[in-house]
Amino acid sequence: MLRGQARGPDHAPCEQPRPPIDVPIDDRSNVLRRTSLLATALMAMATLSAVPMAGTAGAAVTRQDVTDAVGKRGITWGPCEEEPTVECGTLPVPIDWSEPDGPTVDLALARRKATAPSARLGSLLTNPGGPGNSGVNDILRPSGFSQDIQRRFDIVGYDPRGVARSRSVTCSASVYNQMPYPVMTSQADYLTWVAFDKRLRADCRKLTGPLYDHLDSVNVARDMDAIRAALGEDKLTSYGVSYGTLAQQMYAELFPGRIRAMVLDSNMDHSLDVKAFQVSEAATVQDSFEQFIAWCERDSDCVLRGRDIRALWKGLLAKAGRGQLLWPGDGRPVSAHNLQWLGVVLNEAPAWRLEAKVLLALAGGLVPEDMPGPPGNWPVNGQYAELPTAILCQDWNLSLRGYAEYAEVMRASNAVAPDMRYNPMPMGDMPICQGHPVNNPQHPLRYKGSTPLLVATSRHDPDTPYAWSASVARQLGPKATLLTYDGWGHGVYGMTTCTTAAMDSYLISASVPAKGIGCPAEEPQG
């Protein structure tokens with residue numbers, strides 16, 4: 001779902017913006033304020049139902065006409081510099097979709113063409129989530145899709161607006177590196193964050209330009225429709241995972257008649273207020289920690305078998321809180337907040353054998369050869385930092401009235417997560433979003449299309465709770481089918497033969513599996 005908040009220029013331009021932890025996690029791993037803003041959301045969604053375009057003498061045209069016209073600008077494809085067997089291109093789209101003939105941003109795209117042209121069904125548009133993950137980078141790597149999908153579809157990835165090659169959100173490292181500690185303990189801390197956010201936002205807006213104000217998932221959904229048109233597809237076939245599901249949900253609301261097939265894997269739930277969001281995130285990371293402990297008790301390969309893992313973890317958090325926990329092989333002190341990232345990233349695949357070895361090393365045991373680097377967010381090197389959290393801040397109203405409300409959210413999170421305390425991803429993002437303008441506030445989904453949609457998730461996901469996907473399936477209505485993997489991890493495509501086959505069959509046939517379908521858990525090998 002969410003990721004480390006910034007990247008400096010010492011990272012590859014399109015690396016997935018995870019915390020700097022060198023974990024062999026597979027590429028599949030790739031929050032929410034009061035619903036009193038629902039009226040604002042409804043107005044925002046209606047605004048572009050008719051948009052005047054230049055050259056039409058003020059006549060109203062539909063949003064579909066607008067995206068079709070933008071798509072007709074076309075994509076000029078050529079071999080990618082990094083991988084010549086893949087095609088790369090750009091599509092100019094309006095920075096502000098209410099001004100379709102105004103300034104544009106070039107969306108970066110990459111495409112692997114169908115390996116069996118005679119069996120080709122069309123294009124499959126993918127979104128790897130984040131926010132901040134690069135769809136172009138996903139296509140440059142060997143495909144994570146099955147051979148059957150590769151045979152039948154041109155697989156197309158894109159960097160969403162404000163990400164990587166599509167004019168990433170850019171800030172001064174000198175300002176970013178002044179970021180306060182993410183966990184607040186007083187009203188003074190809250191006011192410090194509010195003041196810092198104003199400086200950071202002004203700095204990022206100055207360096208990023210007008211695009212900074214138009215980063216939300218509604219704008220991304222309109223970009224998706226322009227890409228569809230530019231690819232020459234009458235209807236969209238798409239796969240999105242984690243944060244990428246939010247743009248798909250917005251697409252389903254805006255363009256319900258233009259969907260051929262849509263897989264929404266490990267969903268965001270855009271209907272939750274800030275407290276419900278944070279508490280559900282804390283509960284799901286706690287669940288994943290408990291699943292790790294249960295695995296260790298039954299698997300002889302766990303190097304912590306027979307140890308009191310809860311007590312060990314509690315001791316590590318306390319040591320980190322005192323500033324005394326140094327990362328083995330690195331030497332840097334790791335804060336308690338950054339240490340908690342281990343409970344997220346090492347449960348996404350999941351990588352339980354490595355998690356056990358890392359915890360043992362932190363407790364003074366043998367340091368494994370595959371010991372990752374320290375997790376969490378750190379100061380960046382160089383002149384600039386990227387801040388994909390700005391995208392999140394425009395999609396979710398995370399502003400609080402003050403420290404008292406923050407403390408209540410933290411208490412409620414601690415209550416459901418006695419070991420993990422809270423999920424460090426959204427709890428670390430929330431301070432950055434204080435006072436940030438929100439373009440796409442939370443609201444229940446409204447899908448009026450007739451195309452069946454496939455919602456998928458795992459029972460034990462450390463990032464996007466199972467309850468979120470179940471809720472999204474209910475909100476989408478009778479045309480949505482929920483596919484449940486009864487195992488672990490984040491992003492279930494490619495997780496098992498069962499999950500992959502079910503999604504492949506739907507993408508190829510555009511016919512959803514039977515209601516209530518599920519896939520049995522398979523013991524993780526990592």
# chains A, B, ... in the order shown; residues from 1 in each chain; ligands from 1
$ select_by_dssp --residues "stretch 146-279 of chain A" --states "helix (DSSP H, G or I)" --output "ChimeraX atom specification"
/A:147-152,173-176,187-208,210-213,217-230,244-254,256-258,274-279
$ residues_around --residues "stretch 412-425 of chain A" --least-positions-apart "4" --cutoff "7 Å" --atoms "only C-alpha atoms" --output "ChimeraX atom specification"
/A:2-3,278-279,281-283,285-286,310,337,340-341,408,429
$ write_last_selection --atoms "C-alpha atoms" --output "CSV table (one decimal), in the first residue's frame"
chain,number,residue,atom,x,y,z
A,2,LEU,CA,1.9,3.0,1.3
A,3,ARG,CA,5.6,3.3,1.3
A,278,GLN,CA,-5.8,3.9,11.6
A,279,VAL,CA,-7.4,1.4,13.9
A,281,GLU,CA,-4.5,-0.7,9.9
A,282,ALA,CA,-3.2,-1.3,13.4
A,283,ALA,CA,-5.3,-4.4,13.8
A,285,VAL,CA,-0.4,-5.4,11.2
A,286,GLN,CA,-1.0,-7.0,14.6
A,310,ARG,CA,6.5,-11.1,22.1
A,337,HIS,CA,8.9,3.9,14.8
A,340,GLN,CA,8.0,-1.2,13.5
A,341,TRP,CA,8.4,-1.2,9.7
A,408,GLU,CA,-7.3,9.3,20.9
A,429,ASP,CA,2.0,9.7,6.8
$ closest_residue --among "A:Ile155, A:Val93, A:Ala261, A:Leu445" --to "A:Arg120" --atoms "only C-alpha atoms"
A:Ile155
$ residues_around --residues "A:Phe292" --least-positions-apart "6" --cutoff "10 Å" --atoms "only C-alpha atoms" --output "VMD selection string"
chain A and resid 286 302 309 343 346 to 347 350 to 353 355 to 356 488
$ atom_distance --atom1 "atom CA of A:Pro513" --atom2 "atom CA of A:Ser143"
24.3 Å
$ closest_residue --among "A:Lys314, A:Arg258, A:His214, A:Arg305" --to "A:Ile95" --atoms "only C-alpha atoms"
A:His214
$ atom_distance --atom1 "atom CA of A:Arg401" --atom2 "atom CA of A:Val274"
11.7 Å
$ atom_distance --atom1 "atom CA of A:Gly428" --atom2 "atom CA of A:Pro182"
5.4 Å
$ residues_around --residues "stretch 321-333 of chain A" --least-positions-apart "4" --cutoff "12 Å" --atoms "only C-alpha atoms" --output "PDB file with N, CA and C atoms, in the first residue's frame"
ATOM      1  N   ILE A  21      15.030  -0.848   2.812  1.00  0.00           N
ATOM      2  CA  ILE A  21      15.316  -2.141   3.409  1.00  0.00           C
ATOM      3  C   ILE A  21      15.518  -3.136   2.289  1.00  0.00           C
ATOM      4  N   TYR A 181      10.011  14.048  14.331  1.00  0.00           N
ATOM      5  CA  TYR A 181       9.751  12.645  14.617  1.00  0.00           C
ATOM      6  C   TYR A 181       8.260  12.379  14.405  1.00  0.00           C
ATOM      7  N   VAL A 183       5.992  10.398  15.617  1.00  0.00           N
ATOM      8  CA  VAL A 183       5.081  10.121  16.728  1.00  0.00           C
ATOM      9  C   VAL A 183       5.011  11.346  17.638  1.00  0.00           C
ATOM     10  N   LYS A 314       9.091  -6.729  22.390  1.00  0.00           N
ATOM     11  CA  LYS A 314       8.860  -5.639  23.340  1.00  0.00           C
ATOM     12  C   LYS A 314      10.185  -5.057  23.816  1.00  0.00           C
ATOM     13  N   GLY A 315      11.154  -5.932  24.070  1.00  0.00           N
ATOM     14  CA  GLY A 315      12.458  -5.454  24.505  1.00  0.00           C
ATOM     15  C   GLY A 315      13.179  -4.657  23.428  1.00  0.00           C
ATOM     16  N   LEU A 316      13.055  -5.095  22.180  1.00  0.00           N
ATOM     17  CA  LEU A 316      13.679  -4.357  21.074  1.00  0.00           C
ATOM     18  C   LEU A 316      13.063  -2.976  20.916  1.00  0.00           C
ATOM     19  N   LEU A 317      11.728  -2.886  21.026  1.00  0.00           N
ATOM     20  CA  LEU A 317      11.067  -1.583  20.921  1.00  0.00           C
ATOM     21  C   LEU A 317      11.521  -0.650  22.046  1.00  0.00           C
ATOM     22  N   HIS A 337       9.844   3.794  15.891  1.00  0.00           N
ATOM     23  CA  HIS A 337       8.923   3.925  14.751  1.00  0.00           C
ATOM     24  C   HIS A 337       9.490   3.222  13.523  1.00  0.00           C
ATOM     25  N   ASN A 338      10.765   3.444  13.226  1.00  0.00           N
ATOM     26  CA  ASN A 338      11.356   2.785  12.056  1.00  0.00           C
ATOM     27  C   ASN A 338      11.444   1.277  12.257  1.00  0.00           C
ATOM     28  N   LEU A 339      11.720   0.829  13.483  1.00  0.00           N
ATOM     29  CA  LEU A 339      11.781  -0.603  13.749  1.00  0.00           C
ATOM     30  C   LEU A 339      10.451  -1.277  13.431  1.00  0.00           C
ATOM     31  N   GLN A 340       9.345  -0.572  13.684  1.00  0.00           N
ATOM     32  CA  GLN A 340       8.031  -1.164  13.451  1.00  0.00           C
ATOM     33  C   GLN A 340       7.751  -1.443  11.973  1.00  0.00           C
ATOM     34  N   LYS A 357      15.262 -14.389  11.532  1.00  0.00           N
ATOM     35  CA  LYS A 357      16.709 -14.189  11.590  1.00  0.00           C
ATOM     36  C   LYS A 357      17.057 -12.743  11.921  1.00  0.00           C
ATOM     37  N   VAL A 358      16.293 -11.806  11.382  1.00  0.00           N
ATOM     38  CA  VAL A 358      16.544 -10.390  11.657  1.00  0.00           C
ATOM     39  C   VAL A 358      16.291 -10.078  13.122  1.00  0.00           C
ATOM     40  N   LEU A 359      15.188 -10.570  13.672  1.00  0.00           N
ATOM     41  CA  LEU A 359      14.888 -10.320  15.086  1.00  0.00           C
ATOM     42  C   LEU A 359      15.956 -10.940  15.995  1.00  0.00           C
ATOM     43  N   LEU A 360      16.422 -12.127  15.636  1.00  0.00           N
ATOM     44  CA  LEU A 360      17.471 -12.756  16.430  1.00  0.00           C
ATOM     45  C   LEU A 360      18.753 -11.928  16.385  1.00  0.00           C
ATOM     46  N   ALA A 361      19.112 -11.418  15.212  1.00  0.00           N
ATOM     47  CA  ALA A 361      20.308 -10.585  15.089  1.00  0.00           C
ATOM     48  C   ALA A 361      20.175  -9.308  15.906  1.00  0.00           C
ATOM     49  N   LEU A 362      19.006  -8.704  15.885  1.00  0.00           N
ATOM     50  CA  LEU A 362      18.782  -7.481  16.658  1.00  0.00           C
ATOM     51  C   LEU A 362      18.889  -7.743  18.158  1.00  0.00           C
ATOM     52  N   ALA A 363      18.589  -8.987  18.546  1.00  0.00           N
ATOM     53  CA  ALA A 363      18.669  -9.358  19.970  1.00  0.00           C
ATOM     54  C   ALA A 363      20.063  -9.833  20.356  1.00  0.00           C
ATOM     55  N   GLY A 364      21.032  -9.697  19.460  1.00  0.00           N
ATOM     56  CA  GLY A 364      22.404 -10.051  19.773  1.00  0.00           C
ATOM     57  C   GLY A 364      22.861 -11.370  19.204  1.00  0.00           C
ATOM     58  N   GLY A 365      22.031 -12.017  18.412  1.00  0.00           N
ATOM     59  CA  GLY A 365      22.392 -13.298  17.834  1.00  0.00           C
ATOM     60  C   GLY A 365      23.179 -13.154  16.546  1.00  0.00           C
ATOM     61  N   LEU A 366      23.323 -14.271  15.854  1.00  0.00           N
ATOM     62  CA  LEU A 366      24.077 -14.313  14.606  1.00  0.00           C
ATOM     63  C   LEU A 366      23.458 -13.392  13.564  1.00  0.00           C
ATOM     64  N   VAL A 367      24.296 -12.605  12.881  1.00  0.00           N
ATOM     65  CA  VAL A 367      23.823 -11.729  11.809  1.00  0.00           C
ATOM     66  C   VAL A 367      23.836 -12.524  10.508  1.00  0.00           C
ATOM     67  N   PRO A 368      22.681 -12.702   9.877  1.00  0.00           N
ATOM     68  CA  PRO A 368      22.630 -13.519   8.663  1.00  0.00           C
ATOM     69  C   PRO A 368      23.292 -12.825   7.480  1.00  0.00           C
ATOM     70  N   GLU A 369      23.715 -13.626   6.498  1.00  0.00           N
ATOM     71  CA  GLU A 369      24.334 -13.058   5.301  1.00  0.00           C
ATOM     72  C   GLU A 369      23.363 -12.178   4.530  1.00  0.00           C
ATOM     73  N   ASP A 370      22.061 -12.496   4.612  1.00  0.00           N
ATOM     74  CA  ASP A 370      21.065 -11.711   3.889  1.00  0.00           C
ATOM     75  C   ASP A 370      20.398 -10.672   4.784  1.00  0.00           C
ATOM     76  N   MET A 371      21.121 -10.197   5.788  1.00  0.00           N
ATOM     77  CA  MET A 371      20.589  -9.161   6.679  1.00  0.00           C
ATOM     78  C   MET A 371      20.266  -7.914   5.870  1.00  0.00           C
ATOM     79  N   PRO A 372      19.019  -7.444   5.920  1.00  0.00           N
ATOM     80  CA  PRO A 372      18.660  -6.240   5.153  1.00  0.00           C
ATOM     81  C   PRO A 372      19.206  -4.985   5.816  1.00  0.00           C
ATOM     82  N   GLY A 373      19.114  -3.885   5.096  1.00  0.00           N
ATOM     83  CA  GLY A 373      19.459  -2.606   5.682  1.00  0.00           C
ATOM     84  C   GLY A 373      18.379  -2.146   6.637  1.00  0.00           C
ATOM     85  N   PRO A 374      18.634  -1.096   7.406  1.00  0.00           N
ATOM     86  CA  PRO A 374      17.654  -0.635   8.392  1.00  0.00           C
ATOM     87  C   PRO A 374      16.379  -0.135   7.726  1.00  0.00           C
ATOM     88  N   PRO A 375      15.224  -0.456   8.310  1.00  0.00           N
ATOM     89  CA  PRO A 375      13.949  -0.071   7.703  1.00  0.00           C
ATOM     90  C   PRO A 375      13.543   1.344   8.061  1.00  0.00           C
ATOM     91  N   GLY A 376      12.461   1.798   7.443  1.00  0.00           N
ATOM     92  CA  GLY A 376      11.880   3.084   7.801  1.00  0.00           C
ATOM     93  C   GLY A 376      12.335   4.212   6.904  1.00  0.00           C
ATOM     94  N   TRP A 378      14.555   7.787   6.352  1.00  0.00           N
ATOM     95  CA  TRP A 378      15.813   8.381   6.789  1.00  0.00           C
ATOM     96  C   TRP A 378      16.057   9.674   6.009  1.00  0.00           C
TER      97      TRP A 378
END
$ decode --residues "stretch 279-310 of chain A" --atoms "N, CA and C atoms" --output "JSON list (two decimals), in the first residue's frame"
[["chain", "number", "residue", "atom", "x", "y", "z"],
["A", 279, "VAL", "N", -7.15, 2.53, 13.05],
["A", 279, "VAL", "CA", -7.40, 1.38, 13.93],
["A", 279, "VAL", "C", -7.41, 0.08, 13.12],
["A", 280, "SER", "N", -8.04, 0.10, 11.95],
["A", 280, "SER", "CA", -8.06, -1.11, 11.13],
["A", 280, "SER", "C", -6.66, -1.45, 10.62],
["A", 281, "GLU", "N", -5.85, -0.44, 10.33],
["A", 281, "GLU", "CA", -4.47, -0.69, 9.92],
["A", 281, "GLU", "C", -3.65, -1.29, 11.07],
["A", 282, "ALA", "N", -3.86, -0.78, 12.29],
["A", 282, "ALA", "CA", -3.16, -1.34, 13.44],
["A", 282, "ALA", "C", -3.57, -2.80, 13.67],
["A", 283, "ALA", "N", -4.85, -3.08, 13.53],
["A", 283, "ALA", "CA", -5.34, -4.44, 13.75],
["A", 283, "ALA", "C", -4.76, -5.41, 12.73],
["A", 284, "THR", "N", -4.62, -4.98, 11.49],
["A", 284, "THR", "CA", -4.14, -5.91, 10.46],
["A", 284, "THR", "C", -2.64, -6.18, 10.59],
["A", 285, "VAL", "N", -1.85, -5.19, 11.01],
["A", 285, "VAL", "CA", -0.42, -5.45, 11.19],
["A", 285, "VAL", "C", -0.21, -6.30, 12.45],
["A", 286, "GLN", "N", -1.06, -6.14, 13.45],
["A", 286, "GLN", "CA", -1.00, -7.00, 14.63],
["A", 286, "GLN", "C", -1.35, -8.45, 14.26],
["A", 287, "ASP", "N", -2.37, -8.61, 13.43],
["A", 287, "ASP", "CA", -2.75, -9.93, 12.96],
["A", 287, "ASP", "C", -1.59, -10.61, 12.23],
["A", 288, "SER", "N", -0.90, -9.87, 11.38],
["A", 288, "SER", "CA", 0.23, -10.45, 10.65],
["A", 288, "SER", "C", 1.36, -10.85, 11.59],
["A", 289, "PHE", "N", 1.59, -10.06, 12.63],
["A", 289, "PHE", "CA", 2.61, -10.42, 13.62],
["A", 289, "PHE", "C", 2.23, -11.70, 14.34],
["A", 290, "GLU", "N", 0.96, -11.83, 14.68],
["A", 290, "GLU", "CA", 0.49, -13.04, 15.35],
["A", 290, "GLU", "C", 0.59, -14.25, 14.43],
["A", 291, "GLN", "N", 0.34, -14.06, 13.14],
["A", 291, "GLN", "CA", 0.49, -15.15, 12.19],
["A", 291, "GLN", "C", 1.95, -15.58, 12.08],
["A", 292, "PHE", "N", 2.87, -14.61, 12.14],
["A", 292, "PHE", "CA", 4.30, -14.93, 12.14],
["A", 292, "PHE", "C", 4.66, -15.77, 13.37],
["A", 293, "ILE", "N", 4.16, -15.40, 14.53],
["A", 293, "ILE", "CA", 4.46, -16.16, 15.75],
["A", 293, "ILE", "C", 3.90, -17.57, 15.63],
["A", 294, "ALA", "N", 2.70, -17.70, 15.12],
["A", 294, "ALA", "CA", 2.10, -19.03, 14.96],
["A", 294, "ALA", "C", 2.91, -19.89, 14.01],
["A", 295, "TRP", "N", 3.42, -19.29, 12.93],
["A", 295, "TRP", "CA", 4.28, -20.03, 12.00],
["A", 295, "TRP", "C", 5.54, -20.51, 12.71],
["A", 296, "CYS", "N", 6.15, -19.63, 13.50],
["A", 296, "CYS", "CA", 7.39, -19.97, 14.17],
["A", 296, "CYS", "C", 7.20, -21.14, 15.13],
["A", 297, "GLU", "N", 6.03, -21.23, 15.73],
["A", 297, "GLU", "CA", 5.75, -22.30, 16.68],
["A", 297, "GLU", "C", 5.61, -23.65, 15.99],
["A", 298, "ARG", "N", 5.26, -23.64, 14.69],
["A", 298, "ARG", "CA", 5.02, -24.91, 14.00],
["A", 298, "ARG", "C", 6.09, -25.28, 12.99],
["A", 299, "ASP", "N", 7.03, -24.37, 12.70],
["A", 299, "ASP", "CA", 8.01, -24.62, 11.65],
["A", 299, "ASP", "C", 9.41, -24.77, 12.26],
["A", 300, "SER", "N", 10.03, -25.89, 12.00],
["A", 300, "SER", "CA", 11.35, -26.16, 12.59],
["A", 300, "SER", "C", 12.43, -25.27, 12.02],
["A", 301, "ASP", "N", 12.18, -24.60, 10.90],
["A", 301, "ASP", "CA", 13.17, -23.70, 10.30],
["A", 301, "ASP", "C", 13.23, -22.34, 10.99],
["A", 302, "CYS", "N", 12.29, -22.06, 11.88],
["A", 302, "CYS", "CA", 12.28, -20.76, 12.56],
["A", 302, "CYS", "C", 13.37, -20.73, 13.62],
["A", 303, "VAL", "N", 14.31, -19.78, 13.48],
["A", 303, "VAL", "CA", 15.43, -19.72, 14.42],
["A", 303, "VAL", "C", 15.01, -19.19, 15.79],
["A", 304, "LEU", "N", 13.78, -18.72, 15.92],
["A", 304, "LEU", "CA", 13.26, -18.24, 17.20],
["A", 304, "LEU", "C", 12.32, -19.25, 17.85],
["A", 305, "ARG", "N", 12.23, -20.43, 17.27],
["A", 305, "ARG", "CA", 11.31, -21.43, 17.82],
["A", 305, "ARG", "C", 11.68, -21.73, 19.27],
["A", 306, "GLY", "N", 10.66, -21.69, 20.13],
["A", 306, "GLY", "CA", 10.87, -21.91, 21.55],
["A", 306, "GLY", "C", 11.14, -20.65, 22.34],
["A", 307, "ARG", "N", 11.36, -19.52, 21.65],
["A", 307, "ARG", "CA", 11.60, -18.24, 22.32],
["A", 307, "ARG", "C", 10.28, -17.51, 22.53],
["A", 308, "ASP", "N", 10.26, -16.62, 23.51],
["A", 308, "ASP", "CA", 9.11, -15.76, 23.74],
["A", 308, "ASP", "C", 9.25, -14.56, 22.79],
["A", 309, "ILE", "N", 8.67, -14.67, 21.60],
["A", 309, "ILE", "CA", 8.86, -13.65, 20.57],
["A", 309, "ILE", "C", 8.23, -12.33, 20.98],
["A", 310, "ARG", "N", 7.10, -12.38, 21.66],
["A", 310, "ARG", "CA", 6.46, -11.13, 22.10],
["A", 310, "ARG", "C", 7.39, -10.37, 23.05]]
